[in-house]
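Raw my_file14.cif, mmCIF, N, CA and C atoms:
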data_query
loop_
_atom_site.label_atom_id
_atom_site.label_comp_id
_atom_site.auth_asym_id
_atom_site.auth_seq_id
_atom_site.Cartn_x
_atom_site.Cartn_y
_atom_site.Cartn_z
N MET R 252 4.73 -20.12 41.17
CA MET R 252 5.54 -19.11 40.50
C MET R 252 7.01 -19.42 40.70
N GLY R 253 7.81 -18.87 39.82
CA GLY R 253 9.25 -19.09 39.87
C GLY R 253 9.98 -18.01 40.64
N ASP R 254 11.19 -17.73 40.21
CA ASP R 254 12.05 -16.74 40.87
C ASP R 254 11.43 -15.35 40.83
N GLN R 255 11.76 -14.57 41.85
CA GLN R 255 11.27 -13.20 41.93
C GLN R 255 12.12 -12.27 41.07
N VAL R 256 11.44 -11.33 40.43
CA VAL R 256 12.09 -10.26 39.69
C VAL R 256 11.55 -8.95 40.24
N LEU R 257 12.44 -8.09 40.70
CA LEU R 257 12.02 -6.80 41.23
C LEU R 257 11.90 -5.80 40.09
N ILE R 258 10.81 -5.05 40.12
CA ILE R 258 10.61 -3.92 39.21
C ILE R 258 10.60 -2.69 40.10
N VAL R 259 11.61 -1.84 39.97
CA VAL R 259 11.73 -0.65 40.81
C VAL R 259 11.41 0.55 39.93
N SER R 260 10.15 0.99 39.98
CA SER R 260 9.69 2.06 39.10
C SER R 260 8.37 2.62 39.60
N ALA R 261 8.23 3.93 39.47
CA ALA R 261 6.95 4.58 39.75
C ALA R 261 6.10 4.64 38.48
N ASP R 262 6.65 4.19 37.37
CA ASP R 262 5.99 4.25 36.07
C ASP R 262 5.01 3.09 35.92
N ALA R 263 3.72 3.38 36.07
CA ALA R 263 2.69 2.34 36.00
C ALA R 263 2.68 1.67 34.63
N LYS R 264 2.97 2.43 33.57
CA LYS R 264 2.98 1.85 32.23
C LYS R 264 4.10 0.82 32.08
N LEU R 265 5.28 1.13 32.61
CA LEU R 265 6.39 0.18 32.55
C LEU R 265 6.07 -1.08 33.35
N LYS R 266 5.56 -0.89 34.57
CA LYS R 266 5.22 -2.05 35.39
C LYS R 266 4.12 -2.89 34.73
N GLY R 267 3.14 -2.20 34.10
CA GLY R 267 2.06 -2.92 33.42
C GLY R 267 2.52 -3.69 32.20
N LEU R 268 3.61 -3.25 31.59
CA LEU R 268 4.19 -3.95 30.45
C LEU R 268 5.03 -5.14 30.91
N VAL R 269 5.86 -4.92 31.92
CA VAL R 269 6.85 -5.91 32.34
C VAL R 269 6.23 -7.05 33.17
N ALA R 270 5.37 -6.74 34.11
CA ALA R 270 4.84 -7.76 35.03
C ALA R 270 4.17 -8.93 34.30
N PRO R 271 3.26 -8.68 33.34
CA PRO R 271 2.65 -9.83 32.64
C PRO R 271 3.65 -10.67 31.84
N LEU R 272 4.66 -10.01 31.28
CA LEU R 272 5.69 -10.76 30.55
C LEU R 272 6.45 -11.68 31.49
N LEU R 273 6.81 -11.15 32.66
CA LEU R 273 7.50 -11.96 33.66
C LEU R 273 6.65 -13.17 34.06
N GLU R 274 5.39 -12.91 34.36
CA GLU R 274 4.49 -14.01 34.76
C GLU R 274 4.38 -15.05 33.67
N GLY R 275 4.28 -14.59 32.41
CA GLY R 275 4.17 -15.51 31.28
C GLY R 275 5.40 -16.37 31.10
N LEU R 276 6.55 -15.87 31.57
CA LEU R 276 7.80 -16.64 31.49
C LEU R 276 8.07 -17.43 32.76
N GLY R 277 7.13 -17.40 33.70
CA GLY R 277 7.25 -18.20 34.92
C GLY R 277 7.93 -17.52 36.08
N PHE R 278 8.12 -16.19 36.01
CA PHE R 278 8.74 -15.45 37.10
C PHE R 278 7.69 -14.74 37.93
N GLU R 279 8.06 -14.39 39.15
CA GLU R 279 7.15 -13.68 40.05
C GLU R 279 7.59 -12.22 40.15
N PRO R 280 6.83 -11.31 39.53
CA PRO R 280 7.20 -9.89 39.63
C PRO R 280 6.88 -9.32 41.00
N LYS R 281 7.78 -8.52 41.54
CA LYS R 281 7.57 -7.78 42.79
C LYS R 281 7.86 -6.32 42.47
N ALA R 282 6.82 -5.49 42.51
CA ALA R 282 6.98 -4.09 42.13
C ALA R 282 7.16 -3.20 43.35
N PHE R 283 8.08 -2.26 43.21
CA PHE R 283 8.34 -1.23 44.22
C PHE R 283 8.31 0.12 43.51
N ALA R 284 7.59 1.08 44.06
CA ALA R 284 7.46 2.39 43.43
C ALA R 284 8.70 3.25 43.62
N THR R 285 9.48 2.96 44.66
CA THR R 285 10.66 3.79 44.95
C THR R 285 11.86 2.93 45.32
N ILE R 286 13.01 3.55 45.21
CA ILE R 286 14.25 2.91 45.63
C ILE R 286 14.23 2.64 47.12
N VAL R 287 13.65 3.55 47.88
CA VAL R 287 13.56 3.38 49.33
C VAL R 287 12.84 2.08 49.67
N GLU R 288 11.72 1.81 48.98
CA GLU R 288 10.98 0.56 49.21
C GLU R 288 11.82 -0.66 48.83
N ALA R 289 12.50 -0.59 47.71
CA ALA R 289 13.33 -1.71 47.27
C ALA R 289 14.49 -1.94 48.24
N ALA R 290 15.10 -0.86 48.73
CA ALA R 290 16.21 -0.99 49.69
C ALA R 290 15.74 -1.67 50.97
N LYS R 291 14.53 -1.34 51.41
CA LYS R 291 13.97 -2.00 52.60
C LYS R 291 13.78 -3.50 52.36
N ALA R 292 13.36 -3.87 51.16
CA ALA R 292 13.19 -5.29 50.84
C ALA R 292 14.54 -6.01 50.87
N PHE R 293 15.60 -5.36 50.37
CA PHE R 293 16.94 -5.96 50.44
C PHE R 293 17.39 -6.08 51.89
N ALA R 294 17.12 -5.07 52.69
CA ALA R 294 17.50 -5.12 54.11
C ALA R 294 16.77 -6.25 54.82
N ALA R 295 15.56 -6.58 54.35
CA ALA R 295 14.78 -7.67 54.95
C ALA R 295 15.19 -9.03 54.40
N GLY R 296 16.13 -9.05 53.45
CA GLY R 296 16.66 -10.33 52.98
C GLY R 296 16.14 -10.84 51.66
N ILE R 297 15.43 -10.03 50.89
CA ILE R 297 14.94 -10.49 49.59
C ILE R 297 16.14 -10.80 48.68
N THR R 298 16.03 -11.87 47.91
CA THR R 298 17.10 -12.25 46.98
C THR R 298 16.50 -12.54 45.61
N PRO R 299 16.23 -11.49 44.83
CA PRO R 299 15.61 -11.69 43.53
C PRO R 299 16.59 -12.26 42.51
N ALA R 300 16.02 -12.80 41.44
CA ALA R 300 16.84 -13.32 40.34
C ALA R 300 17.27 -12.20 39.40
N LEU R 301 16.51 -11.09 39.40
CA LEU R 301 16.79 -9.97 38.50
C LEU R 301 16.16 -8.72 39.09
N ILE R 302 16.78 -7.57 38.81
CA ILE R 302 16.20 -6.27 39.17
C ILE R 302 16.05 -5.46 37.89
N ILE R 303 14.85 -4.98 37.65
CA ILE R 303 14.60 -4.04 36.56
C ILE R 303 14.45 -2.68 37.22
N LEU R 304 15.42 -1.80 36.97
CA LEU R 304 15.55 -0.54 37.69
C LEU R 304 15.30 0.64 36.75
N ASP R 305 14.24 1.38 37.03
CA ASP R 305 13.93 2.58 36.25
C ASP R 305 14.87 3.69 36.69
N ARG R 306 15.63 4.23 35.75
CA ARG R 306 16.55 5.31 36.09
C ARG R 306 15.80 6.56 36.54
N ASP R 307 14.59 6.73 36.03
CA ASP R 307 13.78 7.92 36.33
C ASP R 307 13.02 7.69 37.63
N GLN R 308 13.59 8.16 38.73
CA GLN R 308 13.03 7.92 40.06
C GLN R 308 12.43 9.19 40.66
N PRO R 309 11.40 9.04 41.49
CA PRO R 309 10.78 10.20 42.13
C PRO R 309 11.60 10.70 43.31
N GLN R 310 11.25 11.87 43.78
CA GLN R 310 11.76 12.42 45.04
C GLN R 310 13.27 12.52 45.09
N GLY R 311 13.89 12.83 43.96
CA GLY R 311 15.33 13.04 43.96
C GLY R 311 16.16 11.80 44.21
N GLN R 312 15.58 10.61 44.16
CA GLN R 312 16.33 9.38 44.35
C GLN R 312 17.14 9.08 43.09
N SER R 313 18.28 8.48 43.25
CA SER R 313 19.14 8.17 42.12
C SER R 313 19.25 6.67 41.90
N ALA R 314 18.80 6.24 40.74
CA ALA R 314 18.92 4.82 40.39
C ALA R 314 20.38 4.40 40.33
N TYR R 315 21.25 5.29 39.83
CA TYR R 315 22.65 4.92 39.71
C TYR R 315 23.34 4.86 41.07
N VAL R 316 22.95 5.70 42.01
CA VAL R 316 23.48 5.60 43.38
C VAL R 316 23.03 4.28 44.00
N PHE R 317 21.77 3.90 43.78
CA PHE R 317 21.25 2.63 44.29
C PHE R 317 22.01 1.46 43.67
N LEU R 318 22.23 1.50 42.36
CA LEU R 318 22.98 0.44 41.68
C LEU R 318 24.40 0.34 42.24
N ARG R 319 25.04 1.48 42.42
CA ARG R 319 26.40 1.49 42.98
C ARG R 319 26.40 0.88 44.39
N GLN R 320 25.38 1.20 45.20
CA GLN R 320 25.31 0.67 46.56
C GLN R 320 25.07 -0.84 46.56
N LEU R 321 24.21 -1.31 45.66
CA LEU R 321 23.99 -2.76 45.56
C LEU R 321 25.30 -3.49 45.28
N LYS R 322 26.05 -2.97 44.33
CA LYS R 322 27.32 -3.62 43.96
C LYS R 322 28.32 -3.53 45.12
N ALA R 323 28.35 -2.38 45.82
CA ALA R 323 29.25 -2.22 46.96
C ALA R 323 28.89 -3.18 48.08
N ASP R 324 27.60 -3.49 48.20
CA ASP R 324 27.13 -4.43 49.23
C ASP R 324 27.33 -5.88 48.82
N GLY R 325 27.86 -6.10 47.63
CA GLY R 325 28.13 -7.47 47.17
C GLY R 325 26.93 -8.17 46.56
N VAL R 326 25.88 -7.43 46.25
CA VAL R 326 24.71 -8.03 45.62
C VAL R 326 25.09 -8.46 44.20
N GLN R 327 24.89 -9.73 43.91
CA GLN R 327 25.27 -10.30 42.61
C GLN R 327 24.10 -10.35 41.63
N THR R 328 22.93 -9.95 42.05
CA THR R 328 21.74 -9.99 41.21
C THR R 328 21.95 -9.12 39.97
N PRO R 329 21.68 -9.65 38.78
CA PRO R 329 21.79 -8.83 37.59
C PRO R 329 20.77 -7.69 37.62
N VAL R 330 21.18 -6.54 37.10
CA VAL R 330 20.32 -5.35 37.08
C VAL R 330 20.19 -4.87 35.64
N VAL R 331 18.95 -4.62 35.24
CA VAL R 331 18.65 -4.01 33.95
C VAL R 331 18.13 -2.61 34.24
N VAL R 332 18.74 -1.61 33.64
CA VAL R 332 18.31 -0.23 33.82
C VAL R 332 17.45 0.16 32.62
N VAL R 333 16.33 0.83 32.92
CA VAL R 333 15.45 1.36 31.88
C VAL R 333 15.42 2.87 32.06
N ALA R 334 15.67 3.61 30.98
CA ALA R 334 15.79 5.07 31.10
C ALA R 334 15.11 5.78 29.95
N SER R 335 14.46 6.90 30.26
CA SER R 335 13.86 7.73 29.21
C SER R 335 14.75 8.93 28.94
N GLY R 336 14.77 9.34 27.68
CA GLY R 336 15.49 10.54 27.30
C GLY R 336 16.96 10.56 27.68
N ALA R 337 17.57 9.42 27.73
CA ALA R 337 18.96 9.34 28.18
C ALA R 337 19.91 9.51 27.00
N SER R 338 21.00 10.21 27.28
CA SER R 338 22.06 10.34 26.29
C SER R 338 22.85 9.04 26.23
N ALA R 339 23.64 8.89 25.19
CA ALA R 339 24.48 7.70 25.07
C ALA R 339 25.42 7.60 26.26
N GLU R 340 25.97 8.72 26.71
CA GLU R 340 26.87 8.72 27.86
C GLU R 340 26.16 8.27 29.13
N ASP R 341 24.93 8.73 29.29
CA ASP R 341 24.15 8.34 30.46
C ASP R 341 23.86 6.85 30.45
N LEU R 342 23.53 6.32 29.27
CA LEU R 342 23.28 4.88 29.16
C LEU R 342 24.55 4.08 29.47
N LEU R 343 25.69 4.57 28.97
CA LEU R 343 26.96 3.90 29.25
C LEU R 343 27.28 3.90 30.74
N ALA R 344 26.85 4.94 31.45
CA ALA R 344 27.07 5.00 32.90
C ALA R 344 26.43 3.80 33.58
N GLY R 345 25.26 3.39 33.12
CA GLY R 345 24.61 2.21 33.69
C GLY R 345 25.46 0.97 33.54
N PHE R 346 26.05 0.79 32.37
CA PHE R 346 26.93 -0.36 32.15
C PHE R 346 28.18 -0.27 33.04
N ARG R 347 28.75 0.91 33.13
CA ARG R 347 29.95 1.08 33.97
C ARG R 347 29.68 0.76 35.43
N LEU R 348 28.44 0.99 35.86
CA LEU R 348 28.09 0.71 37.26
C LEU R 348 27.66 -0.74 37.48
N GLY R 349 27.65 -1.54 36.41
CA GLY R 349 27.38 -2.96 36.58
C GLY R 349 26.07 -3.47 36.02
N ALA R 350 25.29 -2.63 35.35
CA ALA R 350 24.05 -3.12 34.75
C ALA R 350 24.38 -4.12 33.64
N VAL R 351 23.58 -5.17 33.52
CA VAL R 351 23.79 -6.15 32.46
C VAL R 351 23.12 -5.72 31.16
N GLU R 352 22.21 -4.76 31.26
CA GLU R 352 21.50 -4.25 30.09
C GLU R 352 20.97 -2.87 30.43
N VAL R 353 20.92 -1.99 29.44
CA VAL R 353 20.33 -0.67 29.59
C VAL R 353 19.38 -0.48 28.41
N LEU R 354 18.11 -0.25 28.72
CA LEU R 354 17.08 -0.08 27.70
C LEU R 354 16.53 1.34 27.75
N ARG R 355 16.13 1.85 26.59
CA ARG R 355 15.49 3.17 26.53
C ARG R 355 13.98 3.03 26.64
N LYS R 356 13.38 4.00 27.35
CA LYS R 356 11.92 4.10 27.38
C LYS R 356 11.52 5.15 26.34
N PRO R 357 10.36 5.03 25.74
CA PRO R 357 9.44 3.90 25.93
C PRO R 357 9.98 2.66 25.23
N THR R 358 9.62 1.52 25.75
CA THR R 358 10.07 0.26 25.17
C THR R 358 8.85 -0.57 24.79
N ARG R 359 9.09 -1.67 24.15
CA ARG R 359 7.99 -2.54 23.69
C ARG R 359 8.13 -3.91 24.32
N ALA R 360 7.02 -4.63 24.29
CA ALA R 360 6.98 -5.97 24.88
C ALA R 360 8.05 -6.87 24.27
N GLY R 361 8.23 -6.81 22.95
CA GLY R 361 9.23 -7.67 22.29
C GLY R 361 10.64 -7.39 22.76
N VAL R 362 10.95 -6.12 23.02
CA VAL R 362 12.29 -5.76 23.51
C VAL R 362 12.49 -6.31 24.92
N ILE R 363 11.47 -6.16 25.76
CA ILE R 363 11.55 -6.67 27.14
C ILE R 363 11.68 -8.19 27.12
N ARG R 364 10.88 -8.85 26.31
CA ARG R 364 10.92 -10.33 26.24
C ARG R 364 12.30 -10.80 25.77
N ALA R 365 12.85 -10.15 24.76
CA ALA R 365 14.18 -10.54 24.26
C ALA R 365 15.24 -10.33 25.33
N MET R 366 15.14 -9.21 26.05
CA MET R 366 16.10 -8.95 27.13
C MET R 366 16.00 -10.04 28.20
N LEU R 367 14.78 -10.38 28.58
CA LEU R 367 14.59 -11.39 29.63
C LEU R 367 15.16 -12.73 29.21
N THR R 368 14.97 -13.12 27.97
CA THR R 368 15.50 -14.42 27.54
C THR R 368 17.02 -14.39 27.45
N ARG R 369 17.62 -13.20 27.24
CA ARG R 369 19.09 -13.09 27.20
C ARG R 369 19.69 -13.13 28.59
N VAL R 370 19.08 -12.43 29.55
CA VAL R 370 19.74 -12.27 30.84
C VAL R 370 19.25 -13.22 31.93
N MET R 371 18.15 -13.94 31.67
CA MET R 371 17.58 -14.82 32.69
C MET R 371 17.58 -16.26 32.24
N PRO R 372 17.94 -17.16 33.12
CA PRO R 372 17.75 -18.57 32.79
C PRO R 372 16.24 -18.87 32.86
N PRO R 373 15.77 -19.87 32.16
CA PRO R 373 14.35 -20.19 32.25
C PRO R 373 13.94 -20.49 33.69
N ALA R 374 12.75 -20.06 34.07
CA ALA R 374 12.26 -20.33 35.42
C ALA R 374 12.06 -21.84 35.57
N ALA R 375 12.39 -22.34 36.75
CA ALA R 375 12.20 -23.75 37.03
C ALA R 375 10.70 -24.04 37.14
N PRO R 376 10.25 -25.16 36.57
CA PRO R 376 8.83 -25.48 36.71
C PRO R 376 8.51 -25.77 38.17
N PRO R 377 7.26 -25.50 38.59
CA PRO R 377 6.92 -25.77 39.99
C PRO R 377 7.06 -27.24 40.32
N GLU R 378 7.47 -27.50 41.54
CA GLU R 378 7.63 -28.89 41.99
C GLU R 378 6.26 -29.51 42.21
N GLU R 379 6.16 -30.77 41.81
CA GLU R 379 4.87 -31.48 42.01
C GLU R 379 4.86 -32.09 43.40
N SER R 380 3.68 -32.09 43.98
CA SER R 380 3.53 -32.66 45.33
C SER R 380 3.34 -34.14 45.30
#

Serialized structure, structure tokens:
Amino acid sequence: MGDQVLIVSADAKLKGLVAPLLEGLGFEPKAFATIVEAAKAFAAGITPALIILDRDQPQGQSAYVFLRQLKADGVQTPVVVVASGASAEDLLAGFRLGAVEVLRKPTRAGVIRAMLTRVMPPAAPPEES
């Protein structure tokens, strides 16, 4: 497998859509149901190639606070925010906080695939032994 891509979402439908697309493009999806889980992975030293961050988080967690903290910590990993029922102003907030893309839910496989090809370099082929 290639570079890791974090999917931070409790939405099983979103993860079920995104993970196979990532695998098909040579990336290794790593899913986290909450921001707390993803933050622990960063504290442990994970360095993904991309973060797909669901704005709709459980337990009062804020995706935008998490995004702001990542940027404050100097994390250079591109972040794509996915949001349901968001106003134009809310979507713009994602860009202002440093997201490279903001997508509305529900989304389709073609939209996710197009976004991935825009924001990600092709995964390196596995090295031969």

As a VMD selection string, which residues of segment 253-353 of chain R does DSSP assign to alpha helix (DSSP H)?
-> chain R and resid 263 to 275 286 to 294 314 to 323 339 to 347

So which residues get picked by the PyMOL selection byres ((chain R and resi 335-346) around 8) here, written as a count of residues only?
-> 18

Quick one: pull the distance between atom C of Ala289 of chain R and atom N of Val370 of chain R, Å, one decimal.
->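 Atom N of Val370 of chain R lies at a distance of 21.9 Å from atom C of Ala289 of chain R.
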
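Here the question is which of R:Arg369, R:Lys291, R:Lys281, R:Arg319 gets nearest to Ile258 of chain R using only C-alpha atoms, and that residue is R:Lys281.
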
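Nearest residue to Val287 of chain R, choosing from R:Ala263, R:Val330, R:Val316, R:Leu268 and counting only C-alpha atoms: R:Val316.
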
Box dimensions and centre (Å, one decimal) enclosing segment 278-285 of chain R, axis-aligned, 3 Å extra per side, as AutoDock Vina command-line options:
--center_x 9.3 --center_y -6.2 --center_z 40.7 --size_x 11.0 --size_y 26.0 --size_z 15.3
